[in-house]
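**Q** File upload05.txt below, compact mmCIF, C-alpha atoms:
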```
# COMPACT_ATOMS: atom_id res chain seq x y z
CA MET A 1 36.11 9.64 16.83
CA GLN A 2 33.37 12.20 16.43
CA ASN A 3 31.21 12.27 13.34
CA ALA A 4 29.13 15.16 12.09
CA ILE A 5 25.84 14.78 10.27
CA VAL A 6 24.43 17.48 8.04
CA CYS A 7 20.68 17.55 7.59
CA PRO A 8 18.95 18.92 4.47
CA ASN A 9 19.13 22.70 4.00
CA ALA A 10 21.49 23.03 6.95
CA THR A 11 24.51 25.27 6.80
CA HIS A 12 26.13 23.97 9.94
CA VAL A 13 26.44 20.80 11.98
CA LYS A 14 23.02 19.72 13.21
CA LEU A 15 23.71 16.34 14.73
CA MET A 16 26.68 14.54 16.24
CA THR A 17 27.31 10.88 16.85
CA ILE A 18 29.86 8.90 18.79
CA ARG A 19 30.61 5.20 18.86
CA ALA A 20 29.58 4.06 22.31
CA THR A 21 31.85 1.02 22.16
CA THR A 22 35.02 3.12 21.98
CA ALA A 23 36.61 3.08 25.42
CA VAL A 24 37.69 6.73 25.43
CA TYR A 25 34.09 7.86 25.18
CA ASN A 26 33.13 7.31 28.78
CA ALA A 27 30.05 8.72 30.43
CA ALA A 28 31.72 12.06 31.17
CA HIS A 29 32.80 12.53 27.57
CA LEU A 30 29.35 11.56 26.33
CA GLN A 31 27.75 14.09 28.64
CA SER A 32 30.13 16.78 27.39
CA LEU A 33 28.86 16.15 23.85
CA ILE A 34 25.24 16.27 25.00
CA ASP A 35 25.92 19.57 26.82
CA PHE A 36 27.92 21.07 23.92
CA GLU A 37 26.68 24.59 23.11
CA ASP A 38 24.00 24.33 25.81
CA GLY A 39 22.60 21.11 24.40
CA SER A 40 21.61 22.67 21.08
CA HIS A 41 22.78 19.62 19.09
CA ASN A 42 21.28 16.15 18.98
CA VAL A 43 23.54 13.24 19.88
CA TYR A 44 23.16 9.77 18.41
CA LEU A 45 24.98 6.65 19.61
CA PHE A 46 26.11 3.63 17.65
CA TYR A 47 24.51 0.71 19.49
CA LYS A 48 25.65 -2.88 19.08
CA HIS A 49 26.07 -6.24 20.71
CA GLN A 50 29.70 -7.30 20.80
CA THR A 51 29.47 -10.21 18.36
CA LEU A 52 27.15 -11.48 15.66
CA ASP A 53 26.30 -14.41 17.93
CA GLU A 54 25.21 -11.96 20.63
CA TRP A 55 23.05 -10.11 18.10
CA ASN A 56 21.57 -13.47 17.14
CA ASP A 57 20.74 -14.21 20.77
CA ALA A 58 19.23 -10.76 21.25
CA ILE A 59 17.04 -10.89 18.15
CA PHE A 60 15.83 -14.49 18.46
CA PHE A 61 16.07 -15.39 22.12
CA GLY A 62 16.39 -12.11 23.98
CA ASP A 63 14.03 -10.42 26.40
CA PHE A 64 13.08 -7.35 24.36
CA GLN A 65 11.30 -5.65 27.24
CA THR A 66 14.30 -5.96 29.56
CA GLU A 67 16.64 -4.53 26.94
CA ALA A 68 14.19 -1.71 26.22
CA GLN A 69 14.08 -0.86 29.92
CA LYS A 70 17.88 -0.79 30.12
CA VAL A 71 17.95 1.60 27.17
CA HIS A 72 15.37 3.72 28.96
CA GLU A 73 17.49 3.84 32.12
CA PHE A 74 20.51 4.91 30.07
CA ILE A 75 18.82 7.73 28.17
CA ASN A 76 17.28 9.00 31.39
CA LEU A 77 20.87 9.61 32.50
CA HIS A 78 22.18 10.70 29.08
CA ALA A 79 19.61 12.38 26.89
CA VAL A 80 20.67 11.08 23.48
CA LYS A 81 18.34 11.59 20.54
CA GLY A 82 18.72 8.17 18.98
CA LEU A 83 20.55 4.91 18.45
CA ILE A 84 22.21 3.58 15.28
CA LEU A 85 22.06 -0.22 15.31
CA ASP A 86 25.47 -1.46 14.18
CA GLY A 87 27.12 -4.82 13.55
CA ILE A 88 24.46 -6.64 11.51
CA ASP A 89 25.86 -6.99 7.99
CA ASP A 90 23.36 -9.64 6.91
CA PRO A 91 20.01 -10.90 8.19
CA LEU A 92 20.62 -13.28 11.05
CA LEU A 93 19.40 -16.85 11.25
CA SER A 94 18.39 -18.58 14.44
CA GLU A 95 20.37 -21.61 15.50
CA ASP A 96 18.09 -23.96 13.58
CA GLY A 97 18.36 -21.80 10.46
CA GLY A 98 14.60 -21.23 10.35
CA GLY A 99 14.24 -18.01 12.28
CA ASN A 100 12.33 -15.09 10.79
CA PHE A 101 14.81 -12.24 11.11
CA HIS A 102 12.63 -9.45 9.81
CA LYS A 103 9.67 -10.32 12.04
CA ASN A 104 11.87 -10.57 15.13
CA PHE A 105 13.87 -7.48 14.21
CA ALA A 106 10.68 -5.42 13.87
CA ALA A 107 9.49 -6.66 17.25
CA TYR A 108 12.89 -5.84 18.80
CA VAL A 109 12.94 -2.27 17.47
CA THR A 110 9.27 -1.75 18.34
CA ALA A 111 9.86 -2.84 21.94
CA ILE A 112 12.69 -0.32 22.37
CA LYS A 113 10.66 2.49 20.78
CA THR A 114 7.54 1.69 22.81
CA GLU A 115 9.51 1.98 26.02
CA ASN A 116 11.31 5.08 24.66
CA PRO A 117 8.77 6.88 22.44
CA ASP A 118 10.97 9.90 21.74
CA LEU A 119 14.01 7.83 20.78
CA GLU A 120 14.91 7.50 17.09
CA ILE A 121 16.28 4.18 15.85
CA GLY A 122 18.51 3.92 12.78
CA PHE A 123 20.36 1.10 11.03
CA TYR A 124 23.97 1.01 9.84
CA LEU A 125 24.64 -0.40 6.37
CA SER A 126 27.66 -0.91 4.12
CA ALA A 127 27.53 0.73 0.69
CA ARG A 128 29.82 -1.99 -0.64
CA LEU A 129 27.54 -4.77 0.61
CA PHE A 130 24.57 -2.80 -0.70
CA ILE A 131 25.93 -3.23 -4.22
CA ILE A 132 27.02 -6.84 -3.73
CA ASN A 133 23.58 -7.79 -2.40
CA ALA A 134 21.62 -5.75 -4.93
CA ASN A 135 19.25 -8.60 -5.80
CA GLU A 136 16.33 -7.94 -3.45
CA THR A 137 14.10 -10.71 -4.74
CA GLU A 138 11.81 -12.91 -2.66
CA ASN A 139 14.61 -15.46 -2.36
CA SER A 140 17.29 -12.92 -1.51
CA THR A 141 19.28 -13.59 1.65
CA TRP A 142 19.87 -9.87 2.29
CA PHE A 143 17.62 -7.32 3.96
CA ASP A 144 13.99 -6.90 2.97
CA PHE A 145 13.66 -3.17 3.44
CA CYS A 146 9.90 -3.32 2.87
CA LYS A 147 9.75 -5.03 6.24
CA MET A 148 12.20 -2.63 7.91
CA ASN A 149 11.19 0.80 6.62
CA ASP A 150 8.16 1.19 8.88
CA VAL A 151 9.98 0.48 12.16
CA LEU A 152 13.23 2.38 11.45
CA ASP A 153 13.55 6.15 11.49
CA PHE A 154 16.63 6.31 9.28
CA TYR A 155 19.49 4.41 7.65
CA VAL A 156 23.18 5.34 7.70
CA ILE A 157 25.10 3.94 4.72
CA GLU A 158 28.86 3.94 5.23
CA PHE A 159 31.49 4.34 2.48
CA ALA A 160 34.62 3.87 4.61
CA THR A 161 34.85 0.27 3.37
CA PHE A 162 33.73 1.05 -0.19
CA ASN A 163 37.12 0.17 -1.70
CA ILE A 164 40.45 -0.96 -0.29
CA CYS A 165 43.10 1.75 -0.48
CA SER A 166 45.46 0.92 -3.34
CA GLU A 167 47.60 2.71 -5.90
CA LYS A 168 44.60 3.54 -8.12
CA PHE A 169 42.86 5.38 -5.27
CA LEU A 170 45.83 7.25 -3.76
CA HIS A 171 44.97 10.60 -5.30
CA GLY A 172 41.20 10.91 -5.33
CA GLY A 173 40.13 8.61 -2.52
CA ILE A 174 38.32 5.30 -2.17
CA THR A 175 34.87 6.59 -3.18
CA PRO A 176 35.24 7.58 -6.86
CA LEU A 177 32.24 8.64 -8.89
CA GLN A 178 33.48 6.46 -11.71
CA THR A 179 36.62 4.57 -12.68
CA ASN A 180 38.28 3.17 -15.76
CA SER A 181 39.06 -0.02 -13.88
CA THR A 182 37.75 -3.29 -15.31
CA ASN A 183 38.01 -4.97 -11.90
CA PRO A 184 34.47 -5.88 -10.76
CA ASP A 185 35.57 -5.49 -7.15
CA ASP A 186 36.18 -1.75 -7.67
CA MET A 187 33.07 0.13 -6.56
CA THR A 188 31.91 3.53 -7.81
CA LEU A 189 29.33 6.01 -6.58
CA ASN A 190 27.56 5.90 -9.93
CA THR A 191 27.13 2.13 -9.58
CA PHE A 192 25.85 2.60 -6.05
CA ALA A 193 23.36 5.25 -7.22
CA ALA A 194 21.90 2.86 -9.77
CA VAL A 195 21.52 0.14 -7.14
CA LEU A 196 20.01 2.55 -4.62
CA ASN A 197 17.43 3.73 -7.14
CA GLN A 198 16.28 0.15 -7.64
CA SER A 199 16.21 -0.63 -3.94
CA THR A 200 13.08 -0.76 -1.80
CA ILE A 201 14.86 1.11 1.00
CA ALA A 202 12.99 4.27 2.09
CA LYS A 203 14.96 6.92 0.17
CA ASP A 204 13.79 9.73 2.45
CA LYS A 205 15.39 7.98 5.43
CA VAL A 206 18.87 7.51 3.93
CA TYR A 207 22.01 9.30 5.13
CA PHE A 208 25.52 8.75 3.78
CA GLU A 209 28.64 8.48 5.91
CA PHE A 210 31.79 9.61 4.08
CA LEU A 211 35.32 9.28 5.40
CA ILE A 212 36.87 12.76 5.52
CA SER A 213 40.29 11.66 6.76
CA PRO A 214 42.98 9.70 4.87
CA ILE A 215 43.11 5.91 4.83
CA PRO A 216 46.32 3.87 4.43
CA THR A 217 46.98 0.88 2.22
CA PRO A 218 46.39 -2.48 3.95
CA GLU A 219 50.13 -3.05 4.31
CA GLU A 220 50.46 0.19 6.26
CA VAL A 221 47.41 -0.01 8.51
CA GLY A 222 49.32 -1.44 11.48
CA ASN A 223 51.98 1.26 11.29
CA PHE A 224 49.72 4.12 12.36
CA LYS A 225 47.47 4.90 15.28
CA HIS A 226 43.97 5.83 14.21
CA CYS A 227 44.43 9.36 15.51
CA GLU A 228 47.45 9.80 13.21
CA LEU A 229 45.39 9.28 10.06
CA SER A 230 44.63 12.92 9.42
CA TYR A 231 45.18 15.50 6.70
CA ASN A 232 47.20 17.32 9.33
CA GLU A 233 49.73 14.45 9.28
CA TYR A 234 49.44 13.95 5.52
CA CYS A 235 50.27 17.55 4.65
CA GLU A 236 53.08 17.66 7.19
CA ASN A 237 54.61 14.45 5.81
CA HIS A 238 53.42 14.59 2.20
CA ASP A 239 56.50 13.10 0.55
CA GLN A 240 56.41 10.15 2.96
CA TYR A 241 52.68 9.42 2.84
CA GLN A 242 51.60 10.29 -0.70
CA GLU A 243 52.25 6.75 -1.96
CA ILE A 244 50.75 4.89 1.00
CA TRP A 245 47.68 6.95 2.02
CA CYS A 246 44.52 7.37 -0.07
CA VAL A 247 43.18 10.92 0.09
CA ASP A 248 40.30 12.90 -1.41
CA ASP A 249 40.97 16.10 -3.36
CA GLN A 250 38.73 19.15 -3.30
CA ASP A 251 37.08 18.22 -6.60
CA ILE A 252 35.91 14.78 -5.46
CA LEU A 253 34.84 16.15 -2.07
CA ASN A 254 32.69 18.75 -3.77
CA LYS A 255 31.22 16.13 -6.10
CA LYS A 256 30.51 13.78 -3.20
CA GLY A 257 28.63 16.58 -1.46
CA LYS A 258 26.49 17.04 -4.58
CA PHE A 259 26.03 13.27 -4.75
CA ALA A 260 24.75 13.25 -1.16
CA LYS A 261 22.33 16.05 -2.00
CA ASP A 262 20.97 14.11 -4.99
CA TYR A 263 20.68 10.68 -3.41
CA SER A 264 20.28 11.06 0.35
CA ASN A 265 18.69 13.04 3.13
CA GLY A 266 22.06 14.27 4.42
CA PHE A 267 25.62 13.17 5.11
CA ILE A 268 27.98 12.31 7.95
CA GLY A 269 31.60 13.42 7.94
CA ARG A 270 33.32 10.49 9.63
CA ASP A 271 36.26 11.31 11.94
CA ILE A 272 35.75 15.05 11.67
CA ASP A 273 38.34 15.60 14.39
CA LEU A 274 41.01 14.02 12.16
CA VAL A 275 41.12 16.61 9.41
CA ASP A 276 43.64 19.44 9.85
CA ARG A 277 43.75 20.47 13.51
CA ASP A 278 47.05 22.41 13.25
CA ASN A 279 46.51 23.94 9.79
CA LYS A 280 49.37 21.97 8.26
CA CYS A 281 47.59 22.03 4.89
CA GLY A 282 47.50 25.82 4.97
CA CYS A 283 43.75 26.09 4.36
CA ASN A 284 43.02 28.06 7.56
CA ASN A 285 40.17 25.67 8.33
CA LYS A 286 40.72 22.69 10.63
CA TYR A 287 37.63 20.99 9.15
CA VAL A 288 38.45 21.78 5.52
CA THR A 289 37.39 18.45 3.98
CA PHE A 290 34.05 18.57 5.79
CA TYR A 291 33.33 22.04 4.49
CA MET A 292 34.32 21.06 0.95
CA LEU A 293 31.70 18.32 1.17
CA LEU A 294 29.22 20.76 2.65
CA ASP A 295 29.79 23.29 -0.14
CA GLY A 296 29.00 20.59 -2.68
CA TYR A 297 25.91 19.58 -0.75
CA ASN A 298 24.71 23.18 -0.61
CA ASN A 299 25.77 23.89 -4.21
CA ALA A 300 27.77 26.87 -2.95
CA ASN A 301 28.39 29.64 -5.47
CA ASP A 302 31.91 30.14 -4.10
CA PRO A 303 33.01 26.69 -2.83
CA LEU A 304 35.95 26.41 -0.49
CA THR A 305 39.25 25.78 -2.28
CA CYS A 306 42.72 25.18 -0.94
```
Translate this file's structure into structure tokens.
**A**
Amino acid sequence: MQNAIVCPNATHVKLMTIRATTAVYNAAHLQSLIDFEDGSHNVYLFYKHQTLDEWNDAIFFGDFQTEAQKVHEFINLHAVKGLILDGIDDPLLSEDGGGNFHKNFAAYVTAIKTENPDLEIGFYLSARLFIINANETENSTWFDFCKMNDVLDFYVIEFATFNICSEKFLHGGITPLQTNSTNPDDMTLNTFAAVLNQSTIAKDKVYFEFLISPIPTPEEVGNFKHCELSYNEYCENHDQYQEIWCVDDQDILNKKGKFAKDYSNGFIGRDIDLVDRDNKCGCNNKYVTFYMLLDGYNNANDPLTC
């Protein structure tokens, strides 16, 4: 699915990304995104090895120059602006457990950027794991951002896995600012903000990725195709889905936009094509949830309501 990133002070979409591993996004579709509106938008690709073991091989035993050349050959055919490295949730260890991830990772990224000097390289992170691994001490097993900030151009922090959809998140979504829950597994944006402020991650390189389509409870996940998880379907079948899909309301969307403005360099609206394509919600805007986020980000005097 397409994502849309908003950069600071922007009033419209400035950057688009697609997940290169999704089969439907073949070369022709990718080129159509690159050529969209005469190529006036940058396109970024999620870039990953298929398994953690393959990432391990690439970082510790791979031929960086060969991979950098393959990237170069690809972007010569498809002029993408950058890559978002995906699929590394924790620092990898070599087979003997003694590998220096951060040193090898820096060399890996540097090799790709040296061969492709105009290419931006970003890194995909989980907001949930960010909180869980908040202890960035010398003995921490999570990422040492002091050793990553210089080689990376940006970070994308995703909130789609922030909380599991459950009854408490049905009406307000899985990324609440705060909650009355006493369950330590329930994450809030306020908790994340406190952790982010204490982190060594380069704050001026951080972008947030918010889900702007509904998400079902775990028991219902297998009952829907991904393309069915839209506000279009939710509004059309409200009585059926209101107790099994977690959705954001306009208040939380506006507040999340303000949150992104305060704590990041911009935001991504994940699955922007799964909002309200047929105007079933009656808002006369097929991207209504995205624009509610955007109004919060821009502190609009007359924010979109519906």
**Q** Kindly indicate which residue among A:Ala193, A:Leu77, A:Leu45, A:Leu93 lies nearest to A:Ile121, using all atoms listed in the file for the distances.
**A**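 Going through A:Ala193, A:Leu77, A:Leu45, A:Leu93 one by one, the smallest distance to A:Ile121 is for A:Leu45.
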**Q** Dig up all the protein and nucleic acid residues within 8 Å of (25.1, 13.7, 4.2) in the file frame, using all atoms listed in the file, and format them as a ChimeraX atom specification.
**A** /A:5-7,207-210,257,260-261,264-269,297
**Q** Rounded to one decimal in Å, what is the spacing between atom CA of A:Ser199 and atom CA of A:Ala106?
**A** 19.3 Å
**Q** Report, in Å to a single decimal, how far apart atom CA of A:Phe123 and atom CA of A:Leu85 are.
**A**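 Separation of atom CA of A:Leu85 and atom CA of A:Phe123: 4.8 Å.
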**Q** Please write as an MDAnalysis selection string the list of polymer residues whose atoms come within 6 Å of (30.3, 2.3, 1.1), counting all atoms listed in the file and keeping to the coordinates of the file.
**A** chainID A and resid 126:128 158:162
**Q** Need to verify the contact set: stretch 194-197 of chain A, 8 Å, only C-alpha atoms, exclusion of same-chain residues closer than 3 positions in sequence. Can you return it as a ChimeraX atom specification?
**A** /A:130-131,134,190-191,201
**Q** At a cut-off of 12 Å, using all atoms listed in the file, what residues contact A:Phe64? Leave out same-chain residues fewer than 5 positions from it and give the result as a list in words.
**A**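 Counting only the stated atoms, we get Asp57, Ala58, Ile59, Gln69, Lys70, Val71, Asn104, Phe105, Ala106, Ala107, Tyr108, Val109, Thr110, Ala111, Ile112, Lys113, Thr114 and Glu115 of chain A.
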**Q** List the neighbours of A:Tyr287 out to 8 Å using only C-alpha atoms; skip same-chain residues closer than 2 positions along the sequence, and give me the result as an MDAnalysis selection string.
**A** chainID A and resid 272:273 275:277 285 289:291
**Q** Could stretch 97-124 of chain A be completed with N, CA and C atoms and returned as an mmCIF file, in the coordinates of the input?
**A**
```
data_model
loop_
_atom_site.group_PDB
_atom_site.id
_atom_site.type_symbol
_atom_site.label_atom_id
_atom_site.label_comp_id
_atom_site.auth_asym_id
_atom_site.auth_seq_id
_atom_site.Cartn_x
_atom_site.Cartn_y
_atom_site.Cartn_z
ATOM 1 N N GLY A 97 18.382 -22.282 11.831
ATOM 2 C CA GLY A 97 18.360 -21.800 10.460
ATOM 3 C C GLY A 97 16.982 -21.402 9.967
ATOM 4 N N GLY A 98 15.967 -21.491 10.818
ATOM 5 C CA GLY A 98 14.600 -21.230 10.350
ATOM 6 C C GLY A 98 13.993 -19.968 10.945
ATOM 7 N N GLY A 99 14.781 -19.191 11.636
ATOM 8 C CA GLY A 99 14.240 -18.010 12.280
ATOM 9 C C GLY A 99 13.838 -16.932 11.297
ATOM 10 N N ASN A 100 12.797 -16.189 11.629
ATOM 11 C CA ASN A 100 12.330 -15.090 10.790
ATOM 12 C C ASN A 100 12.973 -13.805 11.273
ATOM 13 N N PHE A 101 14.065 -13.412 10.650
ATOM 14 C CA PHE A 101 14.810 -12.240 11.110
ATOM 15 C C PHE A 101 13.951 -10.995 11.083
ATOM 16 N N HIS A 102 13.317 -10.723 9.961
ATOM 17 C CA HIS A 102 12.630 -9.450 9.810
ATOM 18 C C HIS A 102 11.472 -9.291 10.798
ATOM 19 N N LYS A 103 10.759 -10.379 11.056
ATOM 20 C CA LYS A 103 9.670 -10.320 12.040
ATOM 21 C C LYS A 103 10.223 -10.050 13.433
ATOM 22 N N ASN A 104 11.281 -10.761 13.805
ATOM 23 C CA ASN A 104 11.870 -10.570 15.130
ATOM 24 C C ASN A 104 12.543 -9.213 15.252
ATOM 25 N N PHE A 105 13.203 -8.785 14.190
ATOM 26 C CA PHE A 105 13.870 -7.480 14.210
ATOM 27 C C PHE A 105 12.848 -6.369 14.414
ATOM 28 N N ALA A 106 11.731 -6.438 13.707
ATOM 29 C CA ALA A 106 10.680 -5.420 13.870
ATOM 30 C C ALA A 106 10.153 -5.406 15.296
ATOM 31 N N ALA A 107 9.978 -6.587 15.873
ATOM 32 C CA ALA A 107 9.490 -6.660 17.250
ATOM 33 C C ALA A 107 10.518 -6.088 18.226
ATOM 34 N N TYR A 108 11.798 -6.343 17.959
ATOM 35 C CA TYR A 108 12.890 -5.840 18.800
ATOM 36 C C TYR A 108 12.919 -4.314 18.784
ATOM 37 N N VAL A 109 12.903 -3.730 17.591
ATOM 38 C CA VAL A 109 12.940 -2.270 17.470
ATOM 39 C C VAL A 109 11.676 -1.661 18.075
ATOM 40 N N THR A 110 10.528 -2.272 17.818
ATOM 41 C CA THR A 110 9.270 -1.750 18.340
ATOM 42 C C THR A 110 9.257 -1.741 19.859
ATOM 43 N N ALA A 111 9.818 -2.782 20.475
ATOM 44 C CA ALA A 111 9.860 -2.840 21.940
ATOM 45 C C ALA A 111 10.681 -1.686 22.507
ATOM 46 N N ILE A 112 11.836 -1.413 21.887
ATOM 47 C CA ILE A 112 12.690 -0.320 22.370
ATOM 48 C C ILE A 112 11.984 1.021 22.191
ATOM 49 N N LYS A 113 11.313 1.208 21.050
ATOM 50 C CA LYS A 113 10.660 2.490 20.780
ATOM 51 C C LYS A 113 9.405 2.675 21.628
ATOM 52 N N THR A 114 8.725 1.583 21.951
ATOM 53 C CA THR A 114 7.540 1.690 22.810
ATOM 54 C C THR A 114 7.925 2.139 24.207
ATOM 55 N N GLU A 115 9.028 1.594 24.694
ATOM 56 C CA GLU A 115 9.510 1.980 26.020
ATOM 57 C C GLU A 115 10.153 3.364 25.995
ATOM 58 N N ASN A 116 10.602 3.794 24.817
ATOM 59 C CA ASN A 116 11.310 5.080 24.660
ATOM 60 C C ASN A 116 10.721 5.813 23.461
ATOM 61 N N PRO A 117 9.512 6.354 23.594
ATOM 62 C CA PRO A 117 8.770 6.880 22.440
ATOM 63 C C PRO A 117 9.426 8.049 21.726
ATOM 64 N N ASP A 118 10.313 8.763 22.389
ATOM 65 C CA ASP A 118 10.970 9.900 21.740
ATOM 66 C C ASP A 118 12.322 9.543 21.136
ATOM 67 N N LEU A 119 12.709 8.288 21.262
ATOM 68 C CA LEU A 119 14.010 7.830 20.780
ATOM 69 C C LEU A 119 13.916 7.419 19.310
ATOM 70 N N GLU A 120 14.850 7.906 18.492
ATOM 71 C CA GLU A 120 14.910 7.500 17.090
ATOM 72 C C GLU A 120 15.845 6.294 16.956
ATOM 73 N N ILE A 121 15.483 5.378 16.081
ATOM 74 C CA ILE A 121 16.280 4.180 15.850
ATOM 75 C C ILE A 121 16.689 4.130 14.385
ATOM 76 N N GLY A 122 17.996 4.040 14.137
ATOM 77 C CA GLY A 122 18.510 3.920 12.780
ATOM 78 C C GLY A 122 19.275 2.626 12.601
ATOM 79 N N PHE A 123 19.688 2.357 11.366
ATOM 80 C CA PHE A 123 20.360 1.100 11.030
ATOM 81 C C PHE A 123 21.571 1.392 10.163
ATOM 82 N N TYR A 124 22.696 0.769 10.511
ATOM 83 C CA TYR A 124 23.970 1.010 9.840
ATOM 84 C C TYR A 124 24.187 -0.019 8.734
#
```
